[in-house]
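Student: Structure file target25.cif (mmCIF, C-alpha atoms and all ligand atoms) is given on the next line.
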```cif
data_protein
#
loop_
_atom_site.label_atom_id
_atom_site.label_comp_id
_atom_site.auth_asym_id
_atom_site.auth_seq_id
_atom_site.Cartn_x
_atom_site.Cartn_y
_atom_site.Cartn_z
CA MET A 27 0.00 0.00 0.00
CA THR A 28 1.18 3.41 -0.82
CA PHE A 29 -0.02 6.92 -1.61
CA PRO A 30 -2.81 7.98 -1.83
CA LEU A 31 -4.09 5.17 0.39
CA VAL A 32 -1.29 5.71 2.87
CA ARG A 33 -0.99 9.21 4.24
CA MET A 34 1.53 9.43 7.09
CA ARG A 35 0.34 12.91 7.99
CA ARG A 36 -3.06 11.64 9.27
CA LEU A 37 -1.61 10.76 12.66
CA ARG A 38 0.36 13.99 12.99
CA LYS A 39 -2.66 16.24 12.82
CA THR A 40 -3.14 17.20 16.47
CA GLU A 41 -1.13 17.26 19.65
CA ALA A 42 -3.42 14.58 21.12
CA LEU A 43 -2.91 12.23 18.17
CA ARG A 44 0.84 12.75 18.25
CA ARG A 45 0.86 11.94 21.94
CA LEU A 46 -1.18 8.82 21.35
CA VAL A 47 1.30 7.42 18.86
CA ALA A 48 4.51 8.68 20.52
CA GLU A 49 6.96 5.78 20.71
CA THR A 50 9.17 7.40 23.32
CA VAL A 51 7.87 9.33 26.31
CA LEU A 52 10.14 11.15 28.76
CA ASP A 53 9.44 11.05 32.46
CA PRO A 54 11.25 12.74 35.38
CA GLY A 55 11.91 9.19 36.57
CA ASP A 56 14.31 8.77 33.64
CA PHE A 57 16.87 11.22 34.97
CA ILE A 58 19.83 11.22 37.32
CA TYR A 59 21.12 14.65 38.37
CA PRO A 60 24.92 15.07 38.56
CA MET A 61 26.00 17.26 41.48
CA PHE A 62 29.29 18.72 42.70
CA VAL A 63 30.07 18.82 46.39
CA CYS A 64 32.78 20.98 47.92
CA PRO A 65 34.12 21.85 51.38
CA GLY A 66 32.61 24.59 53.54
CA GLN A 67 29.28 25.66 54.94
CA ASP A 68 26.39 27.22 53.09
CA VAL A 69 28.34 27.29 49.81
CA CYS A 70 26.55 27.57 46.48
CA GLN A 71 29.22 28.45 43.95
CA PRO A 72 28.23 28.85 40.28
CA ILE A 73 30.28 27.12 37.58
CA GLY A 74 31.06 29.58 34.80
CA SER A 75 30.79 27.22 31.86
CA MET A 76 27.67 25.49 33.23
CA PRO A 77 25.02 28.15 33.90
CA GLY A 78 22.59 26.98 36.59
CA VAL A 79 24.93 24.27 37.89
CA ASN A 80 26.70 24.92 41.20
CA ARG A 81 29.15 23.44 43.64
CA TYR A 82 27.47 22.89 46.97
CA SER A 83 28.81 22.36 50.44
CA ILE A 84 27.28 19.33 52.11
CA ASP A 85 24.57 21.25 53.99
CA ALA A 86 23.50 23.09 50.82
CA LEU A 87 23.71 19.86 48.82
CA VAL A 88 21.17 18.22 51.11
CA GLU A 89 18.77 21.14 50.60
CA GLU A 90 19.21 20.96 46.83
CA CYS A 91 18.61 17.22 46.94
CA ARG A 92 15.20 17.89 48.50
CA LYS A 93 14.29 19.78 45.31
CA VAL A 94 15.52 16.88 43.21
CA ALA A 95 13.29 14.48 45.11
CA ASP A 96 10.31 16.87 45.05
CA LEU A 97 10.54 17.05 41.26
CA GLY A 98 10.23 13.30 40.95
CA VAL A 99 13.84 12.82 39.82
CA PRO A 100 14.84 9.49 41.40
CA GLY A 101 18.51 10.11 42.09
CA VAL A 102 21.77 12.01 41.95
CA ILE A 103 25.35 11.17 41.09
CA LEU A 104 27.95 12.89 43.24
CA PHE A 105 31.34 14.31 42.31
CA GLY A 106 33.65 15.63 45.00
CA ILE A 107 35.99 18.58 45.21
CA PRO A 108 38.30 17.62 48.08
CA GLU A 109 39.88 19.83 50.70
CA LYS A 110 43.33 18.68 49.54
CA LYS A 111 44.56 16.79 46.49
CA ASP A 112 47.60 14.51 46.54
CA ALA A 113 49.44 12.14 44.19
CA LEU A 114 47.45 9.11 45.37
CA GLY A 115 44.02 10.75 45.52
CA THR A 116 43.70 9.89 49.20
CA GLU A 117 40.56 11.90 49.87
CA GLY A 118 38.79 9.84 47.22
CA TYR A 119 38.73 6.79 49.44
CA SER A 120 39.09 8.15 52.96
CA PRO A 121 36.00 7.43 55.12
CA ASN A 122 36.04 11.09 56.12
CA GLY A 123 36.50 12.38 52.58
CA ILE A 124 34.04 14.79 51.04
CA ILE A 125 31.99 12.13 49.21
CA ALA A 126 31.66 9.72 52.12
CA ARG A 127 30.44 12.56 54.32
CA ALA A 128 28.08 13.85 51.64
CA VAL A 129 26.56 10.41 51.11
CA ARG A 130 25.89 9.97 54.82
CA ALA A 131 24.24 13.40 55.02
CA VAL A 132 22.04 12.96 51.94
CA LYS A 133 20.96 9.43 52.80
CA LYS A 134 20.12 10.49 56.34
CA ALA A 135 17.90 13.34 55.15
CA LEU A 136 16.47 11.59 52.09
CA PRO A 137 16.71 7.83 52.43
CA GLY A 138 14.55 7.27 49.35
CA LEU A 139 16.72 9.29 46.97
CA ILE A 140 19.13 7.14 44.96
CA VAL A 141 22.71 8.23 45.56
CA ILE A 142 25.21 7.10 42.95
CA CYS A 143 28.92 7.67 43.57
CA ASP A 144 31.26 8.21 40.66
CA VAL A 145 34.37 6.12 41.33
CA CYS A 146 37.49 7.73 39.88
CA LEU A 147 40.63 9.38 41.22
CA CYS A 148 40.90 12.41 38.92
CA GLU A 149 39.06 14.77 41.22
CA TYR A 150 41.38 13.83 44.09
CA THR A 151 44.82 13.56 42.51
CA SER A 152 47.15 16.57 42.41
CA HIS A 153 48.15 15.67 38.84
CA GLY A 154 44.52 15.30 37.70
CA HIS A 155 44.84 11.83 36.19
CA CYS A 156 42.33 9.07 36.90
CA GLY A 157 44.87 6.81 38.59
CA VAL A 158 48.32 6.50 40.12
CA LEU A 159 51.23 7.77 38.02
CA ASP A 160 54.31 5.72 37.28
CA LYS A 161 56.93 7.44 35.12
CA GLY A 162 54.28 9.82 33.84
CA ARG A 163 51.82 7.10 32.84
CA VAL A 164 48.76 5.97 34.73
CA HIS A 165 49.61 2.59 36.22
CA ASN A 166 46.62 0.33 35.63
CA ASP A 167 47.05 -2.37 38.25
CA ALA A 168 48.24 -0.08 41.03
CA THR A 169 45.14 2.03 40.48
CA LEU A 170 42.68 -0.87 40.76
CA GLU A 171 43.20 -1.35 44.46
CA LEU A 172 42.48 2.33 45.18
CA LEU A 173 39.34 2.30 43.04
CA ALA A 174 38.05 -0.72 44.95
CA LYS A 175 38.85 1.08 48.20
CA ALA A 176 36.87 4.12 47.04
CA ALA A 177 33.89 1.96 46.04
CA VAL A 178 33.91 0.21 49.43
CA THR A 179 34.15 3.55 51.25
CA TYR A 180 31.14 4.96 49.38
CA ALA A 181 29.08 1.80 49.76
CA LYS A 182 29.83 1.70 53.49
CA ALA A 183 28.72 5.32 53.72
CA GLY A 184 25.40 4.17 52.31
CA CYS A 185 25.37 4.96 48.61
CA ASP A 186 22.98 2.93 46.46
CA ILE A 187 25.19 2.40 43.40
CA VAL A 188 28.89 2.78 42.59
CA ALA A 189 29.83 3.95 39.11
CA PRO A 190 33.45 3.51 38.02
CA SER A 191 34.40 6.09 35.36
CA ASP A 192 38.19 5.69 35.30
CA MET A 193 38.50 3.27 32.35
CA MET A 194 41.21 1.10 33.91
CA ASP A 195 41.23 -2.49 32.68
CA GLY A 196 39.80 -4.92 35.20
CA ARG A 197 38.24 -2.33 37.51
CA VAL A 198 34.76 -3.86 37.55
CA ILE A 199 35.90 -7.27 38.82
CA GLU A 200 38.29 -5.64 41.30
CA ILE A 201 35.51 -3.44 42.66
CA ARG A 202 33.07 -6.38 42.76
CA GLU A 203 35.55 -8.45 44.75
CA GLY A 204 36.31 -5.55 47.08
CA LEU A 205 32.63 -4.95 47.77
CA ASP A 206 31.91 -8.63 48.31
CA GLU A 207 34.84 -9.07 50.69
CA ALA A 208 33.51 -6.14 52.72
CA GLY A 209 30.08 -7.75 52.93
CA LEU A 210 28.64 -5.30 50.42
CA GLU A 211 27.50 -7.88 47.88
CA GLU A 212 24.18 -6.06 47.51
CA THR A 213 25.73 -2.88 46.12
CA PRO A 214 25.29 -2.71 42.33
CA ILE A 215 27.93 -1.49 39.88
CA LEU A 216 26.98 0.91 37.10
CA SER A 217 29.94 0.72 34.79
CA TYR A 218 30.91 3.60 32.51
CA ALA A 219 31.56 0.79 30.05
CA ALA A 220 32.13 2.78 26.89
CA LYS A 221 33.59 6.11 27.88
CA TYR A 222 35.35 8.12 25.22
CA ALA A 223 38.28 10.53 25.55
CA SER A 224 35.99 13.40 24.67
CA ALA A 225 36.44 17.14 24.35
CA PHE A 226 32.86 17.40 25.60
CA TYR A 227 34.09 16.98 29.21
CA GLY A 228 35.64 20.48 29.22
CA PRO A 229 33.17 22.26 31.51
CA PHE A 230 33.14 19.34 33.99
CA ARG A 231 36.86 19.71 34.47
CA GLU A 232 36.34 23.34 35.42
CA ALA A 233 33.57 22.28 37.80
CA ALA A 234 35.60 19.51 39.43
CA ASP A 235 38.97 21.23 38.96
CA SER A 236 40.16 17.91 37.51
CA ALA A 237 41.93 18.69 34.23
CA PRO A 238 45.18 16.69 33.95
CA GLN A 239 48.18 18.91 34.73
CA GLU A 240 50.09 17.22 31.94
CA GLY A 241 49.00 15.11 29.02
CA ASP A 242 45.48 13.88 28.45
CA ARG A 243 43.27 10.87 29.09
CA LYS A 244 43.71 9.22 25.71
CA GLY A 245 45.84 6.44 27.21
CA TYR A 246 42.85 5.05 29.10
CA GLN A 247 39.61 6.52 27.75
CA MET A 248 38.39 5.31 24.35
CA ASP A 249 39.32 6.81 21.01
CA PRO A 250 36.28 8.52 19.41
CA PRO A 251 36.60 6.81 16.00
CA ASN A 252 36.11 3.35 17.50
CA PHE A 253 32.80 1.51 17.60
CA ARG A 254 33.74 -2.19 17.68
CA GLU A 255 36.14 -1.49 20.50
CA ALA A 256 33.21 -0.10 22.52
CA MET A 257 31.41 -3.41 22.10
CA ARG A 258 34.47 -5.23 23.44
CA GLU A 259 34.71 -2.85 26.41
CA VAL A 260 31.05 -3.50 27.21
CA ALA A 261 31.44 -7.28 26.85
CA LEU A 262 34.36 -7.25 29.30
CA ASP A 263 32.48 -5.22 31.90
CA VAL A 264 29.50 -7.57 31.57
CA GLU A 265 31.78 -10.56 32.14
CA GLU A 266 33.36 -8.85 35.13
CA GLY A 267 29.95 -8.47 36.72
CA ALA A 268 28.64 -4.99 35.87
CA ASP A 269 24.96 -4.73 36.85
CA MET A 270 24.29 -1.74 34.62
CA LEU A 271 26.06 -0.20 31.66
CA MET A 272 26.71 3.32 30.49
CA VAL A 273 27.71 5.02 27.27
CA LYS A 274 29.29 8.46 27.52
CA PRO A 275 28.98 11.09 26.04
CA ALA A 276 25.43 10.64 24.81
CA LEU A 277 24.34 12.55 21.71
CA PRO A 278 27.58 12.17 19.69
CA TYR A 279 27.62 8.41 20.46
CA LEU A 280 24.01 7.34 19.84
CA ASP A 281 25.21 4.66 17.41
CA VAL A 282 27.14 3.01 20.25
CA LEU A 283 24.18 3.39 22.59
CA ALA A 284 21.77 1.78 20.12
CA ALA A 285 24.14 -1.11 19.46
CA VAL A 286 24.67 -1.82 23.17
CA ARG A 287 20.88 -1.70 23.63
CA ALA A 288 20.41 -4.21 20.82
CA GLU A 289 22.97 -6.63 22.19
CA TYR A 290 22.51 -6.50 25.98
CA ASP A 291 19.55 -6.76 28.30
CA HIS A 292 21.29 -4.95 31.15
CA PRO A 293 19.85 -1.64 32.26
CA LEU A 294 21.56 0.97 30.12
CA ALA A 295 22.40 4.57 30.94
CA ALA A 296 23.67 7.43 28.83
CA TYR A 297 25.50 10.48 30.16
CA GLN A 298 24.61 13.78 28.53
CA VAL A 299 27.90 15.37 29.56
CA SER A 300 28.92 18.86 30.55
CA GLY A 301 29.89 19.99 27.04
CA GLU A 302 26.58 18.81 25.61
CA PHE A 303 24.85 20.78 28.35
CA ALA A 304 27.02 23.88 27.83
CA MET A 305 26.43 23.99 24.07
CA ILE A 306 22.67 23.89 24.45
CA LYS A 307 22.76 26.47 27.26
CA ALA A 308 24.99 28.83 25.30
CA ALA A 309 22.95 28.65 22.11
CA GLY A 310 19.78 29.08 24.17
CA GLN A 311 21.19 32.14 25.93
CA MET A 312 22.18 33.64 22.59
CA GLY A 313 18.63 33.12 21.37
CA TRP A 314 19.92 30.89 18.59
CA VAL A 315 17.88 27.84 19.59
CA ASP A 316 14.79 27.35 21.72
CA GLU A 317 16.51 25.90 24.80
CA GLU A 318 13.48 24.17 26.28
CA ARG A 319 12.61 22.39 23.08
CA VAL A 320 16.21 21.40 22.37
CA VAL A 321 16.56 20.01 25.91
CA LEU A 322 13.50 17.79 25.56
CA GLU A 323 14.35 16.79 22.00
CA SER A 324 17.92 15.79 22.89
CA LEU A 325 16.76 13.77 25.90
CA THR A 326 14.05 12.10 23.83
CA ALA A 327 16.62 11.19 21.19
CA ILE A 328 18.90 9.62 23.82
CA LYS A 329 16.01 7.58 25.21
CA ARG A 330 14.83 6.61 21.72
CA ALA A 331 18.31 5.31 20.91
CA GLY A 332 18.05 2.94 23.87
CA ALA A 333 18.87 4.56 27.20
CA ASP A 334 16.79 3.38 30.16
CA PHE A 335 17.95 6.40 32.10
CA ILE A 336 19.96 9.53 31.46
CA LEU A 337 22.51 11.35 33.59
CA THR A 338 21.89 14.98 32.72
CA TYR A 339 22.51 18.45 34.13
CA PHE A 340 19.09 19.30 32.67
CA ALA A 341 17.38 16.81 35.01
CA LEU A 342 15.63 19.47 37.10
CA ASP A 343 14.76 21.74 34.15
CA ALA A 344 13.43 18.81 32.16
CA ALA A 345 11.43 17.47 35.12
CA ARG A 346 9.83 20.91 35.49
CA LEU A 347 9.06 21.07 31.77
CA LEU A 348 7.47 17.65 32.02
CA GLY A 349 5.16 18.88 34.75
CA GLY A 350 7.08 17.85 37.87
CA ARG A 351 5.75 19.27 41.12
CA ALA A 352 8.27 21.71 42.59
C1 LIG B 401 35.68 11.33 36.09
C2 LIG B 401 34.55 11.82 35.28
C3 LIG B 401 34.53 12.79 34.26
C4 LIG B 401 33.21 12.94 33.87
C5 LIG B 401 32.44 12.05 34.64
N1 LIG B 401 33.30 11.36 35.49
C6 LIG B 401 35.63 13.61 33.71
C7 LIG B 401 36.64 13.02 32.83
O1 LIG B 401 36.66 11.83 32.56
O2 LIG B 401 37.48 13.79 32.43
C8 LIG B 401 32.70 13.90 32.83
C9 LIG B 401 31.27 14.31 32.97
C10 LIG B 401 30.89 15.51 32.21
O3 LIG B 401 31.63 16.05 31.35
O4 LIG B 401 29.79 15.98 32.46
N2 LIG B 401 36.63 10.62 35.40
#
```
Mind turning this structure into structure tokens?
Ligand code: PBG
Tutor:
Amino acid sequence: MTFPLVRMRRLRKTEALRRLVAETVLDPGDFIYPMFVCPGQDVCQPIGSMPGVNRYSIDALVEECRKVADLGVPGVILFGIPEKKDALGTEGYSPNGIIARAVRAVKKALPGLIVICDVCLCEYTSHGHCGVLDKGRVHNDATLELLAKAAVTYAKAGCDIVAPSDMMDGRVIEIREGLDEAGLEETPILSYAAKYASAFYGPFREAADSAPQEGDRKGYQMDPPNFREAMREVALDVEEGADMLMVKPALPYLDVLAAVRAEYDHPLAAYQVSGEFAMIKAAGQMGWVDEERVVLESLTAIKRAGADFILTYFALDAARLLGGRA
């Protein structure tokens, strides 16, 4: 059957018809809100390249998390700015480090809010790399132990999910074993399975003050031209026991996202990263695009491609646009 019997426009005629046949529907429950936590009291410090996103001290973070929950957004992922950085990223895994304390405070005030902890050393190392340096290179195996320590620290503090983002080989199994040995076998791992060495992380590194002092992350994060390699990375993390998978960044890597969706039944996340956020914000502020519509369209596209949930700095804005309560 074809034209004139078939007319695709019939079902596009009204808003109600379009809603009826929409294949992908966004919901505030699809989002995880990334948040930055810093030392101090009553701090709410704007991040220049991420308008509307702030660094919060723990007390202010808890208050902001109440808004997250009130909007129907199910959870947050936390990134820490430590008091002090050192070569081994000690504050990343110390039980009194910024993240461990933040997790305890948020879970105490809002036990129902999902708290995910990013597991990586780059925010805590003086050199800004995601692991321990050995002759200027990140030493894979020496880093694993510290990542597992960080995961155990966060899980003990009460976080719901640990999410390794460092891209060391073997980190998922090392973290799984560390958690299990500590009696934390119930804590799930959300693996940043296919994470690319992307220029779209620029604003995040301002926010977390985590740009490498020397060199870049291309020795451990994936090379943007590679697709088949992403499938191998995902397969390895699945074998090592990842409970959930992530592709990052989101919009420039929808092909990878769709392929992982097609091949795996694990819950799948996508991270709409800081640079994706900043570009939409900037163009919106210039009046060059309609920010609200671009936000919802980009999130819809990420969900359509296969994400079960999306880590996005637009989580609160999008939840409001979708009719969330607060
Ligand atoms: C830590 C980490 C980064 C991001 C998430 N976890 C930075 C990086 O890898 O350089 C980036 C998130 C974003 O850009 O929004 N390794």
Student: Out of A:Leu136, A:Leu114, A:Ile187, A:Met305, which residue has the shortest atom-to-atom distance to His165 in chain A when counting only C-alpha atoms?
Tutor: A:Leu114
Student: What is the distance, in Å and to one decimal place, between CA of Val264 in chain A and CA of Ser217 in chain A?
Tutor: 8.9 Å
Student: Please give me, as an mmCIF file with C-alpha atoms, in the coordinates of the input, the residues lying within 6 Å of ligand LIG 401 (chain B) when counting all atoms listed in the file.
Tutor:
```
data_model
loop_
_atom_site.group_PDB
_atom_site.id
_atom_site.type_symbol
_atom_site.label_atom_id
_atom_site.label_comp_id
_atom_site.auth_asym_id
_atom_site.auth_seq_id
_atom_site.Cartn_x
_atom_site.Cartn_y
_atom_site.Cartn_z
ATOM 1 C CA CYS A 146 37.490 7.730 39.880
ATOM 2 C CA CYS A 148 40.900 12.410 38.920
ATOM 3 C CA SER A 191 34.400 6.090 35.360
ATOM 4 C CA ASP A 192 38.190 5.690 35.300
ATOM 5 C CA TYR A 227 34.090 16.980 29.210
ATOM 6 C CA PHE A 230 33.140 19.340 33.990
ATOM 7 C CA VAL A 299 27.900 15.370 29.560
ATOM 8 C CA SER A 300 28.920 18.860 30.550
#
```
Student: Taking all atoms of range 47-59 of chain A that appear in the file, build a box with edges along x, y and z, extend it by 4 Å on every side, and state its centre and edge lengths in Å to one decimal, as AutoDock Vina command-line options.
Tutor:
```
--center_x 11.2 --center_y 10.2 --center_z 28.6 --size_x 27.8 --size_y 16.9 --size_z 27.5
```
Student: Set the distance at 9 Å and use all atoms listed in the file: which residues neighbour range 151-158 of chain A once local chain neighbours fewer than 2 positions away are removed? I'd like the list as an MDAnalysis selection string.
Tutor: chainID A and resid 110:118 146:149 160 163:166 168:170 172:173 191:194 235:243 246
Student: Rank nothing, just name the residue among A:Leu159, A:Cys185, A:Val79, A:Ala174 nearest to Val132 in chain A, using all atoms listed in the file.
Tutor: A:Cys185
Student: What's the 9 Å shell around Pro77 in chain A, counting all atoms listed in the file, without same-chain residues fewer than 3 positions away, as a list in words?
Tutor: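 Those residues are Pro72, Ile73, Gly74, Asn80, Ala304, Lys307 and Ala308 of chain A.
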Student: CA of Gly228 in chain A and CA of Pro275 in chain A are how many Å apart?
Tutor: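 Computing the Euclidean distance for CA of Gly228 in chain A and CA of Pro275 in chain A yields 11.9 Å.
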Student: Considering all atoms listed in the file, return as number ranges by chain whatever protein or nucleic-acid residues lie within 10 Å of range 247-263 of chain A, sequence-local ones (same chain, fewer than 5 positions apart) excluded.
Tutor: A: 156, 191-199, 215-225, 242, 268-273, 278-279, 281-283, 285-286, 289-290
Student: (32.8, -6.1, 45.3) in this file's frame - what residues fall within 10 Å of it? Use only C-alpha atoms and give the answer as a ChimeraX atom specification.
Tutor: /A:174-175,177-178,181,198-215,267
